[in-house]
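One file, input-v8.cif, carrying mmCIF, C-alpha atoms:
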data_start
#
loop_
_atom_site.group_PDB
_atom_site.id
_atom_site.type_symbol
_atom_site.label_atom_id
_atom_site.label_comp_id
_atom_site.auth_asym_id
_atom_site.auth_seq_id
_atom_site.Cartn_x
_atom_site.Cartn_y
_atom_site.Cartn_z
ATOM 1 C CA MET A 2 183.088 121.767 128.997
ATOM 2 C CA ASN A 3 185.140 121.526 132.192
ATOM 3 C CA ILE A 4 187.952 118.987 131.859
ATOM 4 C CA THR A 5 190.134 117.951 134.816
ATOM 5 C CA LEU A 6 193.242 115.797 134.726
ATOM 6 C CA LEU A 7 193.879 114.258 138.146
ATOM 7 C CA ASP A 8 197.445 112.951 137.798
ATOM 8 C CA THR A 9 199.493 114.974 135.331
ATOM 9 C CA ALA A 10 202.763 113.625 136.746
ATOM 10 C CA THR A 11 202.046 110.243 135.157
ATOM 11 C CA LEU A 12 202.358 111.875 131.727
ATOM 12 C CA ALA A 13 206.017 112.821 132.292
ATOM 13 C CA GLY A 14 205.847 116.436 131.149
ATOM 14 C CA THR A 15 204.219 115.701 127.790
ATOM 15 C CA SER A 16 202.386 118.667 126.244
ATOM 16 C CA LEU A 17 198.758 118.865 127.359
ATOM 17 C CA GLU A 18 197.741 121.199 124.544
ATOM 18 C CA PRO A 19 195.385 118.588 123.014
ATOM 19 C CA PHE A 20 193.275 118.826 126.191
ATOM 20 C CA GLN A 21 193.502 122.600 126.487
ATOM 21 C CA THR A 22 191.844 123.107 123.110
ATOM 22 C CA LEU A 23 188.771 121.071 124.085
ATOM 23 C CA GLY A 24 187.410 123.167 126.943
ATOM 24 C CA ASN A 25 188.154 124.720 130.310
ATOM 25 C CA PHE A 26 191.121 122.605 131.365
ATOM 26 C CA THR A 27 192.446 122.083 134.899
ATOM 27 C CA SER A 28 195.205 119.727 135.949
ATOM 28 C CA TYR A 29 196.810 118.484 139.158
ATOM 29 C CA PRO A 30 200.238 116.826 139.384
ATOM 30 C CA LEU A 31 198.862 114.126 141.683
ATOM 31 C CA THR A 32 195.620 113.523 143.549
ATOM 32 C CA SER A 33 195.551 111.716 146.887
ATOM 33 C CA PRO A 34 192.452 109.807 148.016
ATOM 34 C CA ALA A 35 191.631 112.700 150.349
ATOM 35 C CA GLN A 36 191.801 115.178 147.453
ATOM 36 C CA VAL A 37 189.718 113.327 144.868
ATOM 37 C CA LEU A 38 186.413 115.073 145.570
ATOM 38 C CA ALA A 39 187.927 118.540 145.809
ATOM 39 C CA HIS A 40 189.930 118.134 142.624
ATOM 40 C CA SER A 41 186.994 116.599 140.738
ATOM 41 C CA ALA A 42 184.318 119.093 141.769
ATOM 42 C CA GLY A 43 182.595 120.771 138.834
ATOM 43 C CA ALA A 44 184.203 118.619 136.169
ATOM 44 C CA ASP A 45 182.206 117.404 133.198
ATOM 45 C CA VAL A 46 185.163 115.237 132.173
ATOM 46 C CA LEU A 47 187.716 113.578 134.434
ATOM 47 C CA ILE A 48 190.988 112.175 133.113
ATOM 48 C CA THR A 49 192.701 109.676 135.388
ATOM 49 C CA ASN A 50 195.598 107.323 134.956
ATOM 50 C CA LYS A 51 195.653 105.645 138.372
ATOM 51 C CA VAL A 52 193.480 107.812 140.639
ATOM 52 C CA ILE A 53 190.655 105.660 142.011
ATOM 53 C CA LEU A 54 187.098 106.702 141.203
ATOM 54 C CA ASN A 55 184.854 104.438 143.281
ATOM 55 C CA ARG A 56 181.114 104.355 143.814
ATOM 56 C CA GLU A 57 181.248 106.599 146.879
ATOM 57 C CA THR A 58 183.127 109.253 144.938
ATOM 58 C CA LEU A 59 180.940 109.036 141.834
ATOM 59 C CA THR A 60 177.746 109.552 143.863
ATOM 60 C CA LYS A 61 179.105 112.967 144.885
ATOM 61 C CA LEU A 62 179.912 114.173 141.366
ATOM 62 C CA PRO A 63 176.504 114.934 139.795
ATOM 63 C CA GLU A 64 177.971 117.029 136.961
ATOM 64 C CA LEU A 65 180.356 114.322 135.771
ATOM 65 C CA LYS A 66 179.540 113.014 132.301
ATOM 66 C CA LEU A 67 182.714 111.279 131.117
ATOM 67 C CA ILE A 68 185.677 109.494 132.700
ATOM 68 C CA CYS A 69 188.709 109.057 130.473
ATOM 69 C CA VAL A 70 191.143 106.480 131.771
ATOM 70 C CA ALA A 71 194.591 107.413 130.476
ATOM 71 C CA ALA A 72 195.589 103.753 130.306
ATOM 72 C CA THR A 73 194.267 100.422 129.062
ATOM 73 C CA GLY A 74 193.377 98.905 132.440
ATOM 74 C CA THR A 75 190.281 100.330 134.131
ATOM 75 C CA ASN A 76 190.381 98.616 137.526
ATOM 76 C CA ASN A 77 190.647 102.054 139.194
ATOM 77 C CA VAL A 78 187.124 103.004 138.059
ATOM 78 C CA ASP A 79 183.882 101.441 139.302
ATOM 79 C CA LEU A 80 182.373 100.672 135.888
ATOM 80 C CA VAL A 81 179.153 99.303 137.367
ATOM 81 C CA ALA A 82 178.521 102.504 139.315
ATOM 82 C CA ALA A 83 179.457 104.650 136.326
ATOM 83 C CA LYS A 84 176.900 102.869 134.165
ATOM 84 C CA GLU A 85 174.271 103.190 136.874
ATOM 85 C CA PHE A 86 174.870 106.943 137.130
ATOM 86 C CA GLY A 87 174.975 107.492 133.372
ATOM 87 C CA ILE A 88 178.668 108.345 133.264
ATOM 88 C CA ALA A 89 180.497 107.299 130.111
ATOM 89 C CA VAL A 90 183.931 105.666 130.500
ATOM 90 C CA THR A 91 186.655 105.357 127.879
ATOM 91 C CA ASN A 92 190.155 103.940 127.844
ATOM 92 C CA VAL A 93 193.022 103.710 125.355
ATOM 93 C CA ALA A 94 194.772 100.681 123.935
ATOM 94 C CA GLY A 95 197.758 99.912 121.762
ATOM 95 C CA TYR A 96 199.549 103.188 122.425
ATOM 96 C CA SER A 97 202.435 101.556 124.325
ATOM 97 C CA THR A 98 202.957 98.366 122.322
ATOM 98 C CA PRO A 99 206.325 99.399 120.786
ATOM 99 C CA SER A 100 207.593 100.597 124.150
ATOM 100 C CA VAL A 101 206.566 97.466 126.062
ATOM 101 C CA VAL A 102 208.012 95.170 123.410
ATOM 102 C CA GLN A 103 211.302 97.080 123.473
ATOM 103 C CA HIS A 104 211.506 96.886 127.261
ATOM 104 C CA THR A 105 210.613 93.200 127.234
ATOM 105 C CA PHE A 106 213.615 92.470 125.046
ATOM 106 C CA ALA A 107 215.813 94.810 127.070
ATOM 107 C CA LEU A 108 215.095 92.568 130.062
ATOM 108 C CA ILE A 109 215.603 89.380 128.035
ATOM 109 C CA THR A 110 218.892 90.462 126.453
ATOM 110 C CA ASN A 111 220.273 91.789 129.732
ATOM 111 C CA LEU A 112 219.512 88.543 131.537
ATOM 112 C CA LEU A 113 220.760 86.258 128.767
ATOM 113 C CA GLY A 114 223.895 88.320 128.291
ATOM 114 C CA ASN A 115 224.434 89.245 131.951
ATOM 115 C CA THR A 116 224.889 92.772 130.610
ATOM 116 C CA HIS A 117 223.935 94.366 133.927
ATOM 117 C CA ARG A 118 226.711 92.437 135.676
ATOM 118 C CA TYR A 119 229.325 93.363 133.090
ATOM 119 C CA ILE A 120 228.316 97.037 133.329
ATOM 120 C CA ALA A 121 228.683 96.919 137.118
ATOM 121 C CA ASP A 122 232.134 95.346 136.751
ATOM 122 C CA CYS A 123 233.242 98.070 134.327
ATOM 123 C CA GLN A 124 232.016 100.742 136.731
ATOM 124 C CA GLN A 125 234.149 99.144 139.421
ATOM 125 C CA GLY A 126 237.245 99.178 137.222
ATOM 126 C CA LEU A 127 237.510 95.412 136.741
ATOM 127 C CA TRP A 128 238.078 95.604 132.976
ATOM 128 C CA GLN A 129 241.359 97.420 133.618
ATOM 129 C CA LYS A 130 242.484 94.465 135.712
ATOM 130 C CA SER A 131 241.781 91.874 133.031
ATOM 131 C CA GLU A 132 244.674 89.743 131.811
ATOM 132 C CA MET A 133 243.213 89.657 128.288
ATOM 133 C CA PHE A 134 241.328 92.048 126.009
ATOM 134 C CA CYS A 135 237.887 91.083 127.356
ATOM 135 C CA ARG A 136 236.216 89.603 130.398
ATOM 136 C CA LEU A 137 234.305 86.344 130.223
ATOM 137 C CA ASP A 138 233.164 86.050 133.824
ATOM 138 C CA TYR A 139 229.466 85.421 133.163
ATOM 139 C CA ARG A 140 227.421 83.450 130.675
ATOM 140 C CA PHE A 141 226.274 85.140 127.471
ATOM 141 C CA ASN A 142 223.520 83.294 125.594
ATOM 142 C CA ASP A 143 221.694 83.887 122.317
ATOM 143 C CA ILE A 144 217.952 84.354 121.953
ATOM 144 C CA GLY A 145 218.260 82.496 118.648
ATOM 145 C CA GLY A 146 217.467 78.814 119.038
ATOM 146 C CA LYS A 147 215.727 79.303 122.374
ATOM 147 C CA THR A 148 212.082 78.389 122.962
ATOM 148 C CA LEU A 149 210.130 81.465 124.025
ATOM 149 C CA ALA A 150 206.682 80.870 125.519
ATOM 150 C CA ILE A 151 204.190 83.720 125.465
ATOM 151 C CA ILE A 152 201.441 83.845 128.082
ATOM 152 C CA GLY A 153 198.764 86.224 126.824
ATOM 153 C CA TYR A 154 198.486 86.482 123.055
ATOM 154 C CA GLY A 155 196.854 89.854 122.512
ATOM 155 C CA SER A 156 198.461 92.688 120.551
ATOM 156 C CA LEU A 157 201.456 92.799 122.903
ATOM 157 C CA GLY A 158 202.006 89.056 122.884
ATOM 158 C CA LYS A 159 201.797 88.980 119.100
ATOM 159 C CA ALA A 160 204.285 91.846 118.770
ATOM 160 C CA VAL A 161 206.716 90.102 121.129
ATOM 161 C CA ALA A 162 206.330 86.915 119.078
ATOM 162 C CA ASP A 163 207.240 88.774 115.874
ATOM 163 C CA VAL A 164 210.430 90.207 117.389
ATOM 164 C CA ALA A 165 211.374 86.872 118.985
ATOM 165 C CA LYS A 166 211.071 85.161 115.607
ATOM 166 C CA ALA A 167 213.322 87.836 114.098
ATOM 167 C CA PHE A 168 215.935 86.863 116.685
ATOM 168 C CA GLY A 169 215.562 83.250 115.585
ATOM 169 C CA ALA A 170 213.640 81.986 118.617
ATOM 170 C CA ASN A 171 211.140 79.156 118.510
ATOM 171 C CA VAL A 172 207.906 80.794 119.695
ATOM 172 C CA ILE A 173 205.134 78.847 121.383
ATOM 173 C CA ILE A 174 201.841 80.321 122.547
ATOM 174 C CA SER A 175 200.566 79.083 125.886
ATOM 175 C CA GLU A 176 196.942 78.093 126.213
ATOM 176 C CA ARG A 177 195.079 79.322 129.281
ATOM 177 C CA LYS A 178 195.708 77.266 132.381
ATOM 178 C CA ASP A 179 193.487 74.194 132.733
ATOM 179 C CA HIS A 180 192.045 74.633 129.227
ATOM 180 C CA SER A 181 192.391 72.251 126.303
ATOM 181 C CA PRO A 182 194.803 73.790 123.795
ATOM 182 C CA ARG A 183 193.332 75.424 120.724
ATOM 183 C CA GLU A 184 194.962 74.959 117.347
ATOM 184 C CA GLY A 185 198.340 76.665 117.279
ATOM 185 C CA ARG A 186 198.642 76.796 121.076
ATOM 186 C CA THR A 187 200.505 74.698 123.629
ATOM 187 C CA GLU A 188 198.985 73.335 126.814
ATOM 188 C CA PHE A 189 199.927 75.634 129.704
ATOM 189 C CA PHE A 190 202.080 73.295 131.770
ATOM 190 C CA GLN A 191 203.759 71.931 128.651
ATOM 191 C CA ALA A 192 204.672 75.464 127.643
ATOM 192 C CA ILE A 193 206.111 76.139 131.100
ATOM 193 C CA LYS A 194 208.219 72.970 130.943
ATOM 194 C CA ASN A 195 209.525 73.503 127.406
ATOM 195 C CA ALA A 196 210.367 77.194 127.565
ATOM 196 C CA ASP A 197 213.807 78.735 127.893
ATOM 197 C CA ILE A 198 212.143 82.139 128.133
ATOM 198 C CA ILE A 199 208.638 82.842 129.429
ATOM 199 C CA SER A 200 207.159 86.275 128.719
ATOM 200 C CA VAL A 201 203.901 87.277 130.434
ATOM 201 C CA HIS A 202 201.466 89.587 128.614
ATOM 202 C CA CYS A 203 198.035 88.668 130.010
ATOM 203 C CA PRO A 204 195.805 90.922 132.149
ATOM 204 C CA LEU A 205 195.464 90.419 135.890
ATOM 205 C CA THR A 206 192.147 88.695 136.590
ATOM 206 C CA ASP A 207 190.855 86.254 139.182
ATOM 207 C CA GLU A 208 191.913 83.501 136.796
ATOM 208 C CA SER A 209 195.448 84.824 136.261
ATOM 209 C CA ARG A 210 196.255 85.860 139.837
ATOM 210 C CA ASP A 211 199.158 83.702 141.100
ATOM 211 C CA LEU A 212 199.148 82.005 137.712
ATOM 212 C CA ILE A 213 202.807 81.147 138.230
ATOM 213 C CA GLY A 214 203.854 80.003 141.686
ATOM 214 C CA SER A 215 206.037 77.369 143.287
ATOM 215 C CA GLU A 216 204.477 74.494 141.307
ATOM 216 C CA GLU A 217 205.042 76.166 137.941
ATOM 217 C CA LEU A 218 208.508 77.448 138.882
ATOM 218 C CA ALA A 219 209.517 73.901 139.807
ATOM 219 C CA MET A 220 208.533 72.768 136.315
ATOM 220 C CA MET A 221 210.710 75.341 134.568
ATOM 221 C CA LYS A 222 214.141 74.533 133.181
ATOM 222 C CA PRO A 223 217.072 75.509 135.411
ATOM 223 C CA ASN A 224 218.338 77.754 132.595
ATOM 224 C CA ALA A 225 214.950 79.428 132.047
ATOM 225 C CA ILE A 226 214.203 83.109 132.577
ATOM 226 C CA LEU A 227 210.811 84.611 133.421
ATOM 227 C CA ILE A 228 209.751 88.057 132.154
ATOM 228 C CA ASN A 229 206.735 90.016 133.390
ATOM 229 C CA THR A 230 205.895 93.377 131.831
ATOM 230 C CA ALA A 231 202.135 92.797 132.243
ATOM 231 C CA ARG A 232 200.752 93.131 135.762
ATOM 232 C CA GLY A 233 201.980 92.376 139.247
ATOM 233 C CA GLY A 234 200.198 89.530 140.998
ATOM 234 C CA ILE A 235 200.271 87.194 138.010
ATOM 235 C CA VAL A 236 203.434 85.651 139.466
ATOM 236 C CA ASN A 237 203.637 84.870 143.183
ATOM 237 C CA GLU A 238 206.419 87.227 144.263
ATOM 238 C CA ALA A 239 207.509 85.462 147.450
ATOM 239 C CA GLN A 240 207.728 82.103 145.698
ATOM 240 C CA LEU A 241 209.650 83.629 142.787
ATOM 241 C CA ALA A 242 212.143 85.263 145.142
ATOM 242 C CA GLN A 243 212.701 81.883 146.788
ATOM 243 C CA ALA A 244 213.195 80.182 143.403
ATOM 244 C CA LEU A 245 215.720 82.847 142.386
ATOM 245 C CA GLU A 246 217.603 82.574 145.666
ATOM 246 C CA ASN A 247 217.791 78.789 145.297
ATOM 247 C CA LYS A 248 218.919 79.134 141.638
ATOM 248 C CA GLN A 249 215.899 77.038 140.701
ATOM 249 C CA ILE A 250 215.593 79.135 137.540
ATOM 250 C CA ALA A 251 218.274 81.229 135.875
ATOM 251 C CA GLY A 252 216.680 84.634 136.241
ATOM 252 C CA ALA A 253 213.721 86.970 136.085
ATOM 253 C CA GLY A 254 213.022 90.413 134.670
ATOM 254 C CA PHE A 255 210.063 92.260 136.186
ATOM 255 C CA ASP A 256 208.628 95.707 135.478
ATOM 256 C CA VAL A 257 205.533 95.278 137.660
ATOM 257 C CA LEU A 258 204.692 94.359 141.243
ATOM 258 C CA SER A 259 201.477 93.402 143.024
ATOM 259 C CA LYS A 260 201.449 96.740 144.854
ATOM 260 C CA GLU A 261 202.866 99.894 143.313
ATOM 261 C CA PRO A 262 204.853 101.841 144.225
ATOM 262 C CA ALA A 263 206.887 98.985 145.672
ATOM 263 C CA THR A 264 206.501 98.448 149.386
ATOM 264 C CA ASP A 265 209.484 98.065 151.701
ATOM 265 C CA ASN A 266 208.568 94.445 152.424
ATOM 266 C CA ASN A 267 207.969 93.273 148.849
ATOM 267 C CA PRO A 268 210.019 90.079 148.314
ATOM 268 C CA LEU A 269 211.252 91.134 144.880
ATOM 269 C CA ALA A 270 212.056 94.694 145.957
ATOM 270 C CA LEU A 271 214.078 93.235 148.840
ATOM 271 C CA TYR A 272 215.860 90.643 146.707
ATOM 272 C CA LYS A 273 219.526 91.495 146.083
ATOM 273 C CA GLY A 274 220.626 88.650 143.804
ATOM 274 C CA ASP A 275 222.035 89.485 140.373
ATOM 275 C CA ASN A 276 219.648 87.050 138.662
ATOM 276 C CA LEU A 277 216.758 89.516 139.011
ATOM 277 C CA ILE A 278 216.329 92.749 137.075
ATOM 278 C CA LEU A 279 213.563 94.924 138.535
ATOM 279 C CA THR A 280 212.391 98.148 136.871
ATOM 280 C CA PRO A 281 209.731 100.558 138.254
ATOM 281 C CA HIS A 282 206.789 100.042 135.863
ATOM 282 C CA ILE A 283 208.399 101.971 133.008
ATOM 283 C CA ALA A 284 207.850 99.610 130.061
ATOM 284 C CA TRP A 285 204.797 101.548 128.863
ATOM 285 C CA ALA A 286 206.294 104.999 129.226
ATOM 286 C CA SER A 287 208.426 105.899 126.246
ATOM 287 C CA GLU A 288 208.116 109.529 125.204
ATOM 288 C CA GLU A 289 206.423 108.425 122.002
ATOM 289 C CA SER A 290 203.945 106.221 123.878
ATOM 290 C CA ILE A 291 202.811 109.044 126.146
ATOM 291 C CA ILE A 292 202.355 111.391 123.183
ATOM 292 C CA ARG A 293 200.150 108.731 121.562
ATOM 293 C CA LEU A 294 198.277 108.304 124.848
ATOM 294 C CA VAL A 295 197.472 112.007 125.199
ATOM 295 C CA LYS A 296 196.331 112.150 121.583
ATOM 296 C CA GLN A 297 194.015 109.157 121.993
ATOM 297 C CA VAL A 298 192.465 110.516 125.189
ATOM 298 C CA SER A 299 191.836 113.862 123.492
ATOM 299 C CA LEU A 300 190.148 112.064 120.592
ATOM 300 C CA ASN A 301 187.944 110.175 123.073
ATOM 301 C CA ILE A 302 186.827 113.483 124.607
ATOM 302 C CA SER A 303 186.255 115.091 121.220
ATOM 303 C CA ALA A 304 184.172 112.138 120.025
ATOM 304 C CA PHE A 305 182.064 112.189 123.190
ATOM 305 C CA SER A 306 181.397 115.930 122.856
ATOM 306 C CA GLN A 307 180.105 115.285 119.324
ATOM 307 C CA GLY A 308 177.813 112.484 120.446
ATOM 308 C CA GLU A 309 180.048 109.762 119.007
ATOM 309 C CA SER A 310 181.369 106.615 120.683
ATOM 310 C CA LEU A 311 185.118 106.016 120.645
ATOM 311 C CA ASN A 312 186.882 103.520 122.911
ATOM 312 C CA ARG A 313 183.762 103.419 125.084
ATOM 313 C CA LEU A 314 183.610 100.831 127.864
ATOM 314 C CA VAL A 315 180.482 102.304 129.458
#

Please express what this file holds, its structure, as structure tokens.
Amino acid sequence: MNITLLDTATLAGTSLEPFQTLGNFTSYPLTSPAQVLAHSAGADVLITNKVILNRETLTKLPELKLICVAATGTNNVDLVAAKEFGIAVTNVAGYSTPSVVQHTFALITNLLGNTHRYIADCQQGLWQKSEMFCRLDYRFNDIGGKTLAIIGYGSLGKAVADVAKAFGANVIISERKDHSPREGRTEFFQAIKNADIISVHCPLTDESRDLIGSEELAMMKPNAILINTARGGIVNEAQLAQALENKQIAGAGFDVLSKEPATDNNPLALYKGDNLILTPHIAWASEESIIRLVKQVSLNISAFSQGESLNRLV
């Protein structure tokens, strides 16, 4: 079995031995759109994190039997075409939950405690100039007692809720926009209005695109912070940048953008205010998460080779 990994660099140097034991293994650090066909030629199994495998490409890969997406989201693979051509597709899920939850709270605690600003001050030698033992230049607020609204209550949302409760937060679960709230959930706009912290964990779909824009931002409390470790495009970036600049909300912590890598003209990438913390899509990528990811992908390949179905989408 010929197995090809198209974007090894996304696995951050993690051992690929689990793949090497399954067949004739080839890997490429990265694969550009112009290189996809050349790198994929002759493969029975393709492993891709973000390399796009569209209909045009799949028609030219007659030997391909299995696509393993080394991620949960599969928007980079044409699932309809894969099914039509008899190509199985698998993904992985749950591997990065601890990492994403940890990063979510890193963003929350930094924003509530203004930790990033205090660190910058220390690096500039301002502590040495203090007239007392500490500096109290910026607000420092507890998570305890705050209302934290979760948008997207899958495994990640539930894990964030558990940690928030441990901090002493009042957790509310937002219902989908323009839907009547189910038992245990709060109507969407009511959740937006009541929250001190909003944490986004839903997938990007037609329904969730621009889910939060100027209207929703205007409803939020002035002291509220908005966290997005889910997908770019769920929050309107230009309208968020404007709300941050106008101090309409207290802050935002984002690990994702609508186009990645960030473009030079992205409103959040351009924003210089200290009420935004922007990280480069790293929430998923703890060392432990990537080890789990590689293991799960290898198990998907092994199951397929034995005629079994594991994490099959197609």

Contacts of segment 4-117 of chain A with segment 286-310 of chain A up to 10 Å, shortest pair per row, only C-alpha atoms, as CSV:
residue,atom,partner,partner_atom,distance
A:Ile4,CA,A:Ile302,CA,9.2
A:Thr11,CA,A:Ala286,CA,9.0
A:Leu12,CA,A:Ile291,CA,6.3
A:Ala13,CA,A:Ile291,CA,7.9
A:Gly14,CA,A:Glu288,CA,9.4
A:Thr15,CA,A:Ile292,CA,6.6
A:Ser16,CA,A:Ile292,CA,7.9
A:Leu17,CA,A:Val295,CA,7.3
A:Glu18,CA,A:Val295,CA,9.2
A:Pro19,CA,A:Ser299,CA,5.9
A:Phe20,CA,A:Ser299,CA,5.8
A:Gln21,CA,A:Ser299,CA,9.4
A:Thr22,CA,A:Ser299,CA,9.3
A:Leu23,CA,A:Ser303,CA,7.1
A:Gly24,CA,A:Ser303,CA,10.0
A:Val46,CA,A:Ile302,CA,7.9
A:Leu47,CA,A:Ile302,CA,9.9
A:Ile48,CA,A:Val298,CA,8.2
A:Lys66,CA,A:Phe305,CA,9.5
A:Leu67,CA,A:Phe305,CA,8.0
A:Ile68,CA,A:Ile302,CA,9.1
A:Cys69,CA,A:Val298,CA,6.6
A:Val70,CA,A:Val298,CA,7.8
A:Ala71,CA,A:Val298,CA,6.5
A:Ala72,CA,A:Leu294,CA,7.6
A:Thr73,CA,A:Leu294,CA,9.8
A:Ala89,CA,A:Phe305,CA,8.6
A:Val90,CA,A:Asn301,CA,9.6
A:Thr91,CA,A:Asn301,CA,6.9
A:Asn92,CA,A:Val298,CA,7.5
A:Val93,CA,A:Gln297,CA,6.5
A:Ala94,CA,A:Leu294,CA,8.4
A:Gly95,CA,A:Leu294,CA,9.0
A:Tyr96,CA,A:Ser290,CA,5.5
A:Ser97,CA,A:Ser290,CA,4.9
A:Thr98,CA,A:Ser290,CA,8.1
A:Pro99,CA,A:Ser290,CA,7.9
A:Ser100,CA,A:Ser287,CA,5.8
A:Val101,CA,A:Ala286,CA,8.2
A:Gln103,CA,A:Ser287,CA,9.7
A:His104,CA,A:Ser287,CA,9.6

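The closest residue to Asn115 of chain A, picked from A:Leu127, A:Leu157, A:Ala251, A:Ser175 and counting only C-alpha atoms, is A:Ala251.
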
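Interatomic distance, atom CA of Ile173 of chain A to atom CA of Val201 of chain A: 12.4 Å.
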
Inset, instruction - Using only C-alpha atoms, determine which residues lie at most 12 Å from segment 271-277 of chain A, disregarding the query and same-chain residues fewer than 5 positions distant; provide the list as a VMD selection string. - result: chain A and resid 108 to 109 111 to 119 121 139 to 140 224 to 229 238 to 256 263 to 266

Inset, instruction - Would you mind telling me which residue in A:Val164, A:Val37, A:Leu6, A:Leu31 lies nearest to Thr49 of chain A when using only C-alpha atoms? - result: A:Leu6

Inset, instruction - In Å, rounded to a single decimal, give me how far atom CA of Glu208 of chain A is from atom CA of Ala82 of chain A. - result: 23.4 Å

Inset, instruction - Write out as number ranges by chain the residues lying within 6 Å of Ala196 of chain A, counting all atoms listed in the file and excluding same-chain residues fewer than 3 positions away. - result: A: 148-150, 192-193

Inset, instruction - Fewer than 4 positions away in the same chain doesn't count, so skip those; otherwise give me all residues within 7 Å of Thr9 of chain A, counting only C-alpha atoms, as a ChimeraX atom specification. - result: /A:28-31

Writing out the chosen residues with C-alpha atoms as a PDB file, in the frame of the given file:
ATOM      1  CA  SER A  28     195.205 119.727 135.949  1.00  0.00           C
ATOM      2  CA  TYR A  29     196.810 118.484 139.158  1.00  0.00           C
ATOM      3  CA  PRO A  30     200.238 116.826 139.384  1.00  0.00           C
ATOM      4  CA  LEU A  31     198.862 114.126 141.683  1.00  0.00           C
TER       5      LEU A  31
END

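Comparing A:Ile213, A:Cys123, A:Val315, A:Ile235 by their smallest distance to Arg136 of chain A, the closest is A:Cys123 (using only C-alpha atoms).
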
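Of the listed residues (A:Arg183, A:Arg177, A:Asp45, A:Lys194), A:Lys194 comes nearest to Ala219 of chain A; the distances count all atoms listed in the file.
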
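We find atom CA of Ala107 of chain A and atom CA of Phe168 of chain A to be spaced 13.1 Å apart.
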